[in-house]
>>> print(open('coords-v2.pdb').read())   # PDB, C-alpha atoms
ATOM      1  CA  MET A   1       0.000   0.000   0.000
ATOM      2  CA  GLY A   2       1.374   3.372  -1.013
ATOM      3  CA  LEU A   3       1.471   6.459   1.137
ATOM      4  CA  LYS A   4      -1.549   7.991  -0.592
ATOM      5  CA  GLU A   5      -3.668   4.928   0.170
ATOM      6  CA  ARG A   6      -2.385   4.864   3.748
ATOM      7  CA  LEU A   7      -3.420   8.496   4.195
ATOM      8  CA  ASP A   8      -6.910   7.710   2.865
ATOM      9  CA  GLU A   9      -7.292   4.671   5.135
ATOM     10  CA  ASP A  10      -6.047   6.561   8.178
ATOM     11  CA  LEU A  11      -8.462   9.406   7.433
ATOM     12  CA  LYS A  12     -11.374   6.950   7.306
ATOM     13  CA  LYS A  13     -10.204   5.456  10.594
ATOM     14  CA  ALA A  14      -9.906   8.903  12.223
ATOM     15  CA  ILE A  15     -13.417   9.796  11.086
ATOM     16  CA  ARG A  16     -14.823   6.523  12.455
ATOM     17  CA  GLU A  17     -13.012   6.958  15.768
ATOM     18  CA  GLN A  18     -13.870  10.683  15.934
ATOM     19  CA  ASP A  19     -10.184  11.577  16.297
ATOM     20  CA  VAL A  20     -10.416  15.312  15.629
ATOM     21  CA  LEU A  21      -6.654  15.977  15.547
ATOM     22  CA  HIS A  22      -5.745  13.217  13.082
ATOM     23  CA  ARG A  23      -8.800  13.972  10.952
ATOM     24  CA  ALA A  24      -7.869  17.658  10.639
ATOM     25  CA  VAL A  25      -4.204  17.008   9.866
ATOM     26  CA  LEU A  26      -4.960  14.243   7.352
ATOM     27  CA  ARG A  27      -7.460  16.469   5.584
ATOM     28  CA  THR A  28      -4.818  19.194   5.414
ATOM     29  CA  ILE A  29      -2.326  16.737   3.902
ATOM     30  CA  ARG A  30      -4.852  15.526   1.336
ATOM     31  CA  SER A  31      -5.737  19.106   0.466
ATOM     32  CA  GLU A  32      -2.099  20.089  -0.020
ATOM     33  CA  VAL A  33      -1.451  16.977  -2.128
ATOM     34  CA  HIS A  34      -4.477  17.880  -4.265
ATOM     35  CA  ASN A  35      -3.244  21.472  -4.629
ATOM     36  CA  GLU A  36       0.186  20.197  -5.677
ATOM     37  CA  GLU A  37      -1.438  17.906  -8.250
ATOM     38  CA  ILE A  38      -3.302  20.878  -9.686
ATOM     39  CA  ALA A  39      -0.167  23.017  -9.742
ATOM     40  CA  THR A  40       1.939  20.358 -11.479
ATOM     41  CA  GLN A  41      -0.953  19.071 -13.589
ATOM     42  CA  LYS A  42      -0.115  15.467 -12.788
ATOM     43  CA  SER A  43      -1.140  12.915 -10.205
ATOM     44  CA  LEU A  44       1.159  12.497  -7.196
ATOM     45  CA  ASP A  45       1.244   8.725  -7.036
ATOM     46  CA  ASP A  46       4.844   8.276  -5.960
ATOM     47  CA  ASP A  47       5.616   8.422  -2.269
ATOM     48  CA  ASP A  48       8.562  10.829  -2.702
ATOM     49  CA  ALA A  49       6.326  13.610  -4.013
ATOM     50  CA  ILE A  50       3.851  13.140  -1.165
ATOM     51  CA  ILE A  51       6.700  13.052   1.361
ATOM     52  CA  GLY A  52       7.848  16.379  -0.098
ATOM     53  CA  VAL A  53       4.404  17.873   0.572
ATOM     54  CA  ILE A  54       4.331  16.493   4.127
ATOM     55  CA  SER A  55       7.878  17.756   4.734
ATOM     56  CA  ARG A  56       6.806  21.235   3.661
ATOM     57  CA  LEU A  57       3.855  21.113   6.061
ATOM     58  CA  ALA A  58       6.151  19.937   8.881
ATOM     59  CA  ARG A  59       8.584  22.776   8.169
ATOM     60  CA  GLN A  60       5.699  25.266   8.314
ATOM     61  CA  ARG A  61       4.649  23.845  11.681
ATOM     62  CA  ARG A  62       8.191  24.118  13.049
ATOM     63  CA  GLU A  63       8.416  27.736  11.910
ATOM     64  CA  SER A  64       5.041  28.489  13.494
ATOM     65  CA  ILE A  65       6.126  26.888  16.768
ATOM     66  CA  TYR A  66       9.249  29.060  16.800
ATOM     67  CA  GLU A  67       7.271  32.246  16.134
ATOM     68  CA  PHE A  68       4.518  31.406  18.618
ATOM     69  CA  ARG A  69       7.136  30.756  21.312
ATOM     70  CA  LYS A  70       8.652  34.170  20.620
ATOM     71  CA  GLY A  71       5.177  35.659  21.027
ATOM     72  CA  HIS A  72       4.506  33.722  24.264
ATOM     73  CA  ARG A  73       1.484  31.939  22.767
ATOM     74  CA  GLU A  74       1.796  28.551  24.436
ATOM     75  CA  ASP A  75      -1.764  27.598  23.480
ATOM     76  CA  LEU A  76      -0.869  27.873  19.800
ATOM     77  CA  VAL A  77       2.493  26.166  20.363
ATOM     78  CA  GLU A  78       0.711  23.125  21.802
ATOM     79  CA  ARG A  79      -1.670  22.913  18.847
ATOM     80  CA  GLU A  80       1.146  23.193  16.299
ATOM     81  CA  GLU A  81       3.244  20.591  18.159
ATOM     82  CA  ALA A  82       0.297  18.179  18.115
ATOM     83  CA  ASP A  83      -0.110  18.735  14.349
ATOM     84  CA  LEU A  84       3.628  18.238  13.836
ATOM     85  CA  ALA A  85       3.559  14.939  15.748
ATOM     86  CA  VAL A  86       0.867  13.624  13.388
ATOM     87  CA  LEU A  87       2.797  14.817  10.310
ATOM     88  CA  LEU A  88       5.958  13.070  11.528
ATOM     89  CA  GLU A  89       4.063   9.752  11.569
ATOM     90  CA  TYR A  90       4.017   9.877   7.763
ATOM     91  CA  LEU A  91       7.634  10.907   7.218
ATOM     92  CA  PRO A  92      10.615   8.549   7.206
ATOM     93  CA  PRO A  93      12.449   8.287  10.537
ATOM     94  CA  GLN A  94      14.231  11.570  11.199
ATOM     95  CA  LEU A  95      18.040  11.612  11.159
ATOM     96  CA  THR A  96      19.935  12.403  14.330
ATOM     97  CA  LEU A  97      22.613  15.089  14.277
ATOM     98  CA  GLU A  98      25.293  12.392  14.417
ATOM     99  CA  GLU A  99      23.833  10.496  11.449
ATOM    100  CA  LEU A 100      23.522  13.698   9.445
ATOM    101  CA  THR A 101      27.086  14.694  10.267
ATOM    102  CA  ALA A 102      28.396  11.266   9.226
ATOM    103  CA  LEU A 103      26.491  11.448   5.912
ATOM    104  CA  ALA A 104      27.775  14.963   5.266
ATOM    105  CA  GLN A 105      31.371  13.952   6.015
ATOM    106  CA  GLY A 106      31.082  11.052   3.582
ATOM    107  CA  ILE A 107      29.771  13.335   0.824
ATOM    108  CA  ILE A 108      32.493  15.919   1.528
ATOM    109  CA  GLN A 109      35.148  13.228   1.069
ATOM    110  CA  GLU A 110      33.376  11.816  -1.996
ATOM    111  CA  VAL A 111      33.265  15.144  -3.863
ATOM    112  CA  GLY A 112      36.672  16.218  -2.587
ATOM    113  CA  ALA A 113      35.420  19.457  -1.045
ATOM    114  CA  GLN A 114      38.205  21.822   0.000
ATOM    115  CA  GLY A 115      36.251  24.491   1.875
ATOM    116  CA  PRO A 116      33.123  26.646   2.005
ATOM    117  CA  GLY A 117      33.338  27.341  -1.735
ATOM    118  CA  ASP A 118      32.392  23.721  -2.433
ATOM    119  CA  LYS A 119      29.175  23.898  -0.437
ATOM    120  CA  GLY A 120      27.021  23.698  -3.580
ATOM    121  CA  LYS A 121      28.620  20.411  -4.645
ATOM    122  CA  VAL A 122      28.086  18.887  -1.214
ATOM    123  CA  MET A 123      24.520  20.120  -0.794
ATOM    124  CA  GLY A 124      23.575  18.995  -4.298
ATOM    125  CA  LYS A 125      24.644  15.459  -3.547
ATOM    126  CA  LEU A 126      23.471  15.316   0.072
ATOM    127  CA  MET A 127      19.948  16.772  -0.152
ATOM    128  CA  PRO A 128      18.432  13.950  -2.250
ATOM    129  CA  GLN A 129      19.700  11.441   0.334
ATOM    130  CA  VAL A 130      18.142  13.227   3.319
ATOM    131  CA  LYS A 131      14.896  14.415   1.719
ATOM    132  CA  GLY A 132      12.072  14.061   4.231
ATOM    133  CA  LYS A 133      14.450  12.804   6.907
ATOM    134  CA  THR A 134      15.617  16.176   8.214
ATOM    135  CA  GLU A 135      15.197  19.890   7.663
ATOM    136  CA  GLY A 136      17.191  21.675   4.994
ATOM    137  CA  ALA A 137      18.277  24.282   7.540
ATOM    138  CA  SER A 138      19.879  21.561   9.672
ATOM    139  CA  VAL A 139      21.691  20.155   6.653
ATOM    140  CA  ASN A 140      22.914  23.624   5.702
ATOM    141  CA  GLU A 141      24.167  24.269   9.231
ATOM    142  CA  VAL A 142      26.041  20.952   9.486
ATOM    143  CA  VAL A 143      27.618  21.257   6.025
ATOM    144  CA  THR A 144      28.676  24.857   6.678
ATOM    145  CA  LYS A 145      30.366  23.926   9.984
ATOM    146  CA  LEU A 146      32.140  20.947   8.436
ATOM    147  CA  LEU A 147      33.376  22.903   5.425
ATOM    148  CA  GLU A 148      34.593  25.802   7.561
ATOM    149  CA  SER A 149      36.638  23.398   9.660
ATOM    150  CA  LEU A 150      38.558  22.102   6.598
TER     151      LEU A 150
END
>>> encode(input="coords-v2.pdb", output="structure tokens")
Amino acid sequence: MGLKERLDEDLKKAIREQDVLHRAVLRTIRSEVHNEEIATQKSLDDDDAIIGVISRLARQRRESIYEFRKGHREDLVEREEADLAVLLEYLPPQLTLEELTALAQGIIQEVGAQGPGDKGKVMGKLMPQVKGKTEGASVNEVVTKLLESL
């Protein structure tokens, strides 16, 4: 069963069980997938494309949590964290900082990066490997630190 079918089945289950949180988040995912299909004018049947949509939604939630914390809106922080937890159920397991660092070091050696000027080469090769498994900002931060230390 693909991710799209899993989302549909889980939505039906959430409706049956009257799980308001899961129902709302799954409807948001389905809506965003539908909007992406309209924008690209093709059906998103492969899991990678759907993971990209879910990753974008997760990133938006993380940014909202950060901003709401700055504004001392703990009620909104809790709601966004609950949404994020549901979104993370549909993403691949997230990489730890150590795993990300090890991957980045391997890519740096593979492309023969000499310093910060080679960041584009490293990022270009690393991002497809970590798509949906971590945030781009984290990847950027790790790669920048590693390249500056060369």
>>> residues_around(input="coords-v2.pdb", residues="A:Val139", least_positions_apart="4", cutoff="12 Å", atoms="all atoms listed in the file", output="ChimeraX atom specification")
/A:95-105,119,122-135,143-146
>>> atom_distance(input="coords-v2.pdb", atom1="atom CA of A:Gly136", atom2="atom CA of A:Glu9")
29.8 Å
>>> resolve_selection(input="coords-v2.pdb", expression="the PyMOL selection byres ((chain A and resi 47-51) around 9)", output="ChimeraX atom specification")
/A:2-4,29,33,44-46,52-56,90-92,131-132
>>> residues_around(input="coords-v2.pdb", residues="A:Val77", least_positions_apart="5", cutoff="12 Å", atoms="only C-alpha atoms", output="ChimeraX atom specification")
/A:61-72,82-84
>>> atom_distance(input="coords-v2.pdb", atom1="atom CA of A:Pro93", atom2="atom CA of A:Ser31")
23.4 Å
>>> closest_residue(input="coords-v2.pdb", among="A:Gln60, A:Leu26, A:Glu141, A:Glu74", to="A:Ala14", atoms="all atoms listed in the file")
A:Leu26
>>> atom_distance(input="coords-v2.pdb", atom1="atom CA of A:Lys13", atom2="atom CA of A:Asp75")
27.0 Å
>>> axis_aligned_box(input="coords-v2.pdb", around="stretch 33-49 of chain A", padding_each_side="6 Å", output="AutoDock Vina command-line options")
--center_x 2.0 --center_y 15.6 --center_z -7.9 --size_x 25.0 --size_y 26.7 --size_z 23.5
>>> closest_residue(input="coords-v2.pdb", among="A:Ala137, A:Leu57, A:Ala39, A:Val142", to="A:Val25", atoms="only C-alpha atoms")
A:Leu57
>>> resolve_selection(input="coords-v2.pdb", expression="the PyMOL selection byres ((chain A and resi 150) around 10)", output="ChimeraX atom specification")
/A:113-116,145-149
>>> closest_residue(input="coords-v2.pdb", among="A:Glu5, A:Glu36, A:Asp10, A:Glu80", to="A:Arg59", atoms="only C-alpha atoms")
A:Glu80
>>> build_atoms(input="coords-v2.pdb", residues="stretch 125-148 of chain A", atoms="N, CA and C atoms", output="tab-separated table (two decimals), in the coordinates of the input")
chain	number	residue	atom	x	y	z
A	125	LYS	N	24.58	16.90	-3.66
A	125	LYS	CA	24.64	15.46	-3.55
A	125	LYS	C	23.97	14.94	-2.27
A	126	LEU	N	23.99	15.74	-1.22
A	126	LEU	CA	23.47	15.32	0.07
A	126	LEU	C	21.95	15.45	0.18
A	127	MET	N	21.38	16.51	-0.34
A	127	MET	CA	19.95	16.77	-0.15
A	127	MET	C	19.04	15.65	-0.66
A	128	PRO	N	19.31	15.05	-1.83
A	128	PRO	CA	18.43	13.95	-2.25
A	128	PRO	C	18.46	12.76	-1.29
A	129	GLN	N	19.57	12.56	-0.59
A	129	GLN	CA	19.70	11.44	0.33
A	129	GLN	C	18.95	11.67	1.65
A	130	VAL	N	18.76	12.94	2.02
A	130	VAL	CA	18.14	13.23	3.32
A	130	VAL	C	16.74	13.81	3.18
A	131	LYS	N	16.21	13.82	1.96
A	131	LYS	CA	14.90	14.42	1.72
A	131	LYS	C	13.84	13.74	2.60
A	132	GLY	N	13.12	14.56	3.36
A	132	GLY	CA	12.07	14.06	4.23
A	132	GLY	C	12.57	13.51	5.56
A	133	LYS	N	13.89	13.38	5.69
A	133	LYS	CA	14.45	12.80	6.91
A	133	LYS	C	14.98	13.85	7.86
A	134	THR	N	15.14	15.08	7.38
A	134	THR	CA	15.62	16.18	8.21
A	134	THR	C	15.31	17.49	7.51
A	135	GLU	N	15.46	18.57	8.23
A	135	GLU	CA	15.20	19.89	7.66
A	135	GLU	C	16.40	20.37	6.86
A	136	GLY	N	16.13	21.12	5.81
A	136	GLY	CA	17.19	21.68	4.99
A	136	GLY	C	18.08	22.62	5.78
A	137	ALA	N	17.50	23.35	6.73
A	137	ALA	CA	18.28	24.28	7.54
A	137	ALA	C	19.31	23.54	8.38
A	138	SER	N	18.94	22.37	8.89
A	138	SER	CA	19.88	21.56	9.67
A	138	SER	C	21.02	21.06	8.80
A	139	VAL	N	20.68	20.63	7.59
A	139	VAL	CA	21.69	20.16	6.65
A	139	VAL	C	22.65	21.29	6.33
A	140	ASN	N	22.11	22.45	6.04
A	140	ASN	CA	22.91	23.62	5.70
A	140	ASN	C	23.86	23.96	6.85
A	141	GLU	N	23.36	23.94	8.06
A	141	GLU	CA	24.17	24.27	9.23
A	141	GLU	C	25.31	23.28	9.41
A	142	VAL	N	25.02	21.99	9.31
A	142	VAL	CA	26.04	20.95	9.49
A	142	VAL	C	27.10	21.05	8.40
A	143	VAL	N	26.66	21.18	7.15
A	143	VAL	CA	27.62	21.26	6.02
A	143	VAL	C	28.50	22.50	6.16
A	144	THR	N	27.91	23.62	6.52
A	144	THR	CA	28.68	24.86	6.68
A	144	THR	C	29.74	24.70	7.75
A	145	LYS	N	29.38	24.13	8.90
A	145	LYS	CA	30.37	23.93	9.98
A	145	LYS	C	31.49	22.99	9.54
A	146	LEU	N	31.11	21.90	8.87
A	146	LEU	CA	32.14	20.95	8.44
A	146	LEU	C	33.08	21.56	7.40
A	147	LEU	N	32.53	22.32	6.46
A	147	LEU	CA	33.38	22.90	5.42
A	147	LEU	C	34.26	24.02	5.99
A	148	GLU	N	33.78	24.75	6.95
A	148	GLU	CA	34.59	25.80	7.56
A	148	GLU	C	35.74	25.23	8.36
